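As provided, start-v6.csv (CSV, C-alpha atoms) reads as follows.
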chain,number,residue,atom,x,y,z
A,1,MET,CA,122.8,72.4,127.8
A,2,THR,CA,120.9,74.4,125.2
A,3,ARG,CA,118.3,76.8,126.4
A,4,VAL,CA,115.2,76.8,124.3
A,5,PHE,CA,113.2,80.0,124.9
A,6,VAL,CA,109.5,79.8,124.8
A,7,CYS,CA,108.8,83.4,125.8
A,8,SER,CA,111.4,85.8,124.5
A,9,CYS,CA,109.6,88.8,126.2
A,10,PHE,CA,110.4,87.5,129.6
A,11,GLY,CA,113.2,85.0,128.9
A,12,VAL,CA,111.2,82.0,129.9
A,13,THR,CA,112.7,78.7,128.8
A,14,GLU,CA,110.9,75.5,127.8
A,15,ALA,CA,112.5,73.8,130.8
A,16,GLN,CA,111.0,76.5,133.1
A,17,VAL,CA,107.5,76.0,131.6
A,18,LYS,CA,107.8,72.2,132.1
A,19,GLN,CA,109.0,72.7,135.7
A,20,HIS,CA,106.0,74.9,136.4
A,21,ALA,CA,103.7,72.3,134.9
A,22,GLU,CA,105.2,69.6,137.0
A,23,ASN,CA,104.6,71.7,140.0
A,24,GLY,CA,100.9,72.2,139.2
A,25,ALA,CA,100.5,75.0,136.6
A,26,CYS,CA,98.0,73.3,134.3
A,27,THR,CA,97.0,76.1,132.0
A,28,PRO,CA,98.6,78.9,130.1
A,29,ARG,CA,97.0,81.3,132.5
A,30,GLN,CA,98.6,79.5,135.5
A,31,ILE,CA,102.0,79.5,133.7
A,32,ALA,CA,101.5,83.2,133.2
A,33,SER,CA,100.9,83.6,136.9
A,34,ALA,CA,104.0,81.7,137.8
A,35,CYS,CA,106.5,83.3,135.4
A,36,LYS,CA,104.7,86.0,133.2
A,37,ALA,CA,105.2,83.9,130.0
A,38,GLY,CA,102.4,84.8,127.6
A,39,THR,CA,101.4,88.1,129.2
A,40,ASP,CA,103.2,90.5,126.9
A,41,CYS,CA,102.9,90.0,123.1
A,42,GLY,CA,101.2,86.6,123.5
A,43,SER,CA,103.0,84.9,120.6
A,44,CYS,CA,104.2,82.1,122.9
A,45,VAL,CA,100.8,81.1,124.2
A,46,ARG,CA,100.3,78.4,121.6
A,47,ARG,CA,103.7,76.9,122.3
A,48,ILE,CA,102.9,76.9,126.1
A,49,GLN,CA,99.6,75.1,125.3
A,50,ALA,CA,101.6,72.5,123.3
A,51,LEU,CA,104.0,72.0,126.1
A,52,LEU,CA,101.2,71.5,128.6
A,53,GLY,CA,99.4,69.1,126.3
A,54,ARG,CA,96.3,67.3,127.4
A,55,GLY,CA,98.0,65.4,130.2
A,56,SER,CA,96.6,65.1,133.7
A,57,CYS,CA,97.2,67.9,136.2
A,58,PRO,CA,98.4,66.6,139.5
A,59,ARG,CA,96.9,69.6,141.4
A,60,ARG,CA,93.7,70.2,139.5
A,61,GLU,CA,91.6,68.7,142.2
A,62,LEU,CA,93.1,71.1,144.7
A,63,ALA,CA,92.4,74.0,142.4
A,64,ASP,CA,88.9,72.9,141.9
A,65,GLN,CA,88.4,72.9,145.6
A,66,GLY,CA,89.7,76.5,145.8
A,67,SER,CA,93.0,75.6,147.4
A,68,PRO,CA,96.1,77.7,146.5
A,69,VAL,CA,98.3,75.6,144.3
A,70,LEU,CA,100.7,78.1,142.8
A,71,ALA,CA,102.1,79.9,145.8
A,72,GLU,CA,105.1,77.6,146.0
A,73,LEU,CA,106.0,78.3,142.3
A,74,GLN,CA,107.1,81.8,143.1
A,75,GLY,CA,110.9,81.9,142.7
A,76,LEU,CA,111.3,79.1,140.2
A,77,ASP,CA,112.1,81.7,137.5
A,78,GLU,CA,115.2,82.8,139.3
A,79,ALA,CA,116.3,79.2,140.1
A,80,ALA,CA,116.4,78.1,136.5
Would you mind writing the file out in structure tokens?
Amino acid sequence: MTRVFVCSCFGVTEAQVKQHAENGACTPRQIASACKAGTDCGSCVRRIQALLGRGSCPRRELADQGSPVLAELQGLDEAA
């Protein structure tokens, strides 16, 4: 399996970004909170935005209500 890196600063792959998105990270900022991608040089932010697209976010309602939705994402970086 070929790894396509989105963020070379932190070694974050496209698959990791997609997994974080499936788990509720709906914005580049939420992806950054989950895995640091986009927080160093910033050159990957547009690619992250493209991967996130304009699809629906399964946990946006929870976030809008103030519920924590990213706590369970910690540790996904190491798993992938």
List the neighbours of A:Leu51 out to 10 Å using all atoms listed in the file; skip same-chain residues closer than 6 positions along the sequence, and give me the result as a PyMOL selection string. chain A and resi 6+14-15+17-18+21+28+45
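Atom pair atom CA of A:Phe5 / atom CA of A:Arg47 has a distance of 10.3 Å (rounded to one decimal).
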Distance atom CA of A:Cys26-atom CA of A:Ala50, one decimal place? 11.6 Å
Could you give me, as number ranges by chain, the residues that sit within 10 Å of (97.6, 82.7, 130.3) in the file's coordinates, counting all atoms listed in the file? A: 27-34, 36-39, 42, 44-45, 48-49
At what distance in Å, to one decimal, does atom CA of A:Cys9 lie from atom CA of A:Gly24? 22.8 Å
Completed stretch 32-43 of chain A (all heavy atoms) as a PDB file, in the coordinates of the input:
ATOM      1  N   ALA A  32     101.368  81.753 133.211  1.00  0.00           N
ATOM      2  CA  ALA A  32     101.500  83.200 133.200  1.00  0.00           C
ATOM      3  C   ALA A  32     101.633  83.731 134.650  1.00  0.00           C
ATOM      4  O   ALA A  32     102.461  84.604 134.947  1.00  0.00           O
ATOM      5  CB  ALA A  32     100.412  83.893 132.470  1.00  0.00           C
ATOM      6  N   SER A  33     100.815  83.209 135.528  1.00  0.00           N
ATOM      7  CA  SER A  33     100.900  83.600 136.900  1.00  0.00           C
ATOM      8  C   SER A  33     102.183  83.256 137.583  1.00  0.00           C
ATOM      9  O   SER A  33     102.683  83.979 138.441  1.00  0.00           O
ATOM     10  CB  SER A  33      99.725  82.982 137.723  1.00  0.00           C
ATOM     11  OG  SER A  33      98.489  83.474 137.294  1.00  0.00           O
ATOM     12  N   ALA A  34     102.741  82.136 137.169  1.00  0.00           N
ATOM     13  CA  ALA A  34     104.000  81.700 137.800  1.00  0.00           C
ATOM     14  C   ALA A  34     105.213  82.390 137.257  1.00  0.00           C
ATOM     15  O   ALA A  34     106.150  82.619 138.010  1.00  0.00           O
ATOM     16  CB  ALA A  34     104.122  80.157 137.522  1.00  0.00           C
ATOM     17  N   CYS A  35     105.224  82.761 135.952  1.00  0.00           N
ATOM     18  CA  CYS A  35     106.500  83.300 135.400  1.00  0.00           C
ATOM     19  C   CYS A  35     106.275  84.415 134.363  1.00  0.00           C
ATOM     20  O   CYS A  35     107.249  84.810 133.715  1.00  0.00           O
ATOM     21  CB  CYS A  35     107.290  82.188 134.780  1.00  0.00           C
ATOM     22  SG  CYS A  35     106.490  81.365 133.384  1.00  0.00           S
ATOM     23  N   LYS A  36     105.069  84.895 134.163  1.00  0.00           N
ATOM     24  CA  LYS A  36     104.700  86.000 133.200  1.00  0.00           C
ATOM     25  C   LYS A  36     104.731  85.572 131.760  1.00  0.00           C
ATOM     26  O   LYS A  36     104.367  86.372 130.912  1.00  0.00           O
ATOM     27  CB  LYS A  36     105.631  87.192 133.423  1.00  0.00           C
ATOM     28  CG  LYS A  36     105.504  87.850 134.768  1.00  0.00           C
ATOM     29  CD  LYS A  36     106.357  89.095 134.810  1.00  0.00           C
ATOM     30  CE  LYS A  36     106.322  89.749 136.163  1.00  0.00           C
ATOM     31  NZ  LYS A  36     107.181  90.899 136.221  1.00  0.00           N
ATOM     32  N   ALA A  37     105.154  84.360 131.433  1.00  0.00           N
ATOM     33  CA  ALA A  37     105.200  83.900 130.000  1.00  0.00           C
ATOM     34  C   ALA A  37     103.786  84.040 129.430  1.00  0.00           C
ATOM     35  O   ALA A  37     102.809  83.591 130.013  1.00  0.00           O
ATOM     36  CB  ALA A  37     105.681  82.499 129.913  1.00  0.00           C
ATOM     37  N   GLY A  38     103.690  84.665 128.268  1.00  0.00           N
ATOM     38  CA  GLY A  38     102.400  84.800 127.600  1.00  0.00           C
ATOM     39  C   GLY A  38     101.637  86.058 127.917  1.00  0.00           C
ATOM     40  O   GLY A  38     100.555  86.270 127.388  1.00  0.00           O
ATOM     41  N   THR A  39     102.196  86.905 128.774  1.00  0.00           N
ATOM     42  CA  THR A  39     101.400  88.100 129.200  1.00  0.00           C
ATOM     43  C   THR A  39     101.811  89.361 128.476  1.00  0.00           C
ATOM     44  O   THR A  39     101.175  90.385 128.689  1.00  0.00           O
ATOM     45  CB  THR A  39     101.614  88.326 130.721  1.00  0.00           C
ATOM     46  OG1 THR A  39     102.990  88.572 131.004  1.00  0.00           O
ATOM     47  CG2 THR A  39     101.122  87.141 131.535  1.00  0.00           C
ATOM     48  N   ASP A  40     102.818  89.314 127.607  1.00  0.00           N
ATOM     49  CA  ASP A  40     103.200  90.500 126.900  1.00  0.00           C
ATOM     50  C   ASP A  40     102.644  90.470 125.458  1.00  0.00           C
ATOM     51  O   ASP A  40     101.500  90.824 125.229  1.00  0.00           O
ATOM     52  CB  ASP A  40     104.703  90.732 126.912  1.00  0.00           C
ATOM     53  CG  ASP A  40     105.118  92.138 126.488  1.00  0.00           C
ATOM     54  OD1 ASP A  40     104.289  93.069 126.589  1.00  0.00           O
ATOM     55  OD2 ASP A  40     106.269  92.301 126.052  1.00  0.00           O
ATOM     56  N   CYS A  41     103.405  89.970 124.527  1.00  0.00           N
ATOM     57  CA  CYS A  41     102.900  90.000 123.100  1.00  0.00           C
ATOM     58  C   CYS A  41     101.988  88.804 122.844  1.00  0.00           C
ATOM     59  O   CYS A  41     101.200  88.862 121.908  1.00  0.00           O
ATOM     60  CB  CYS A  41     104.115  89.951 122.169  1.00  0.00           C
ATOM     61  SG  CYS A  41     104.934  88.353 121.965  1.00  0.00           S
ATOM     62  N   GLY A  42     102.086  87.718 123.626  1.00  0.00           N
ATOM     63  CA  GLY A  42     101.200  86.600 123.500  1.00  0.00           C
ATOM     64  C   GLY A  42     101.561  85.580 122.398  1.00  0.00           C
ATOM     65  O   GLY A  42     100.879  84.578 122.224  1.00  0.00           O
ATOM     66  N   SER A  43     102.670  85.802 121.706  1.00  0.00           N
ATOM     67  CA  SER A  43     103.000  84.900 120.600  1.00  0.00           C
ATOM     68  C   SER A  43     103.454  83.507 121.130  1.00  0.00           C
ATOM     69  O   SER A  43     103.484  82.552 120.355  1.00  0.00           O
ATOM     70  CB  SER A  43     104.141  85.483 119.764  1.00  0.00           C
ATOM     71  OG  SER A  43     105.345  85.602 120.501  1.00  0.00           O
TER      72      SER A  43
END
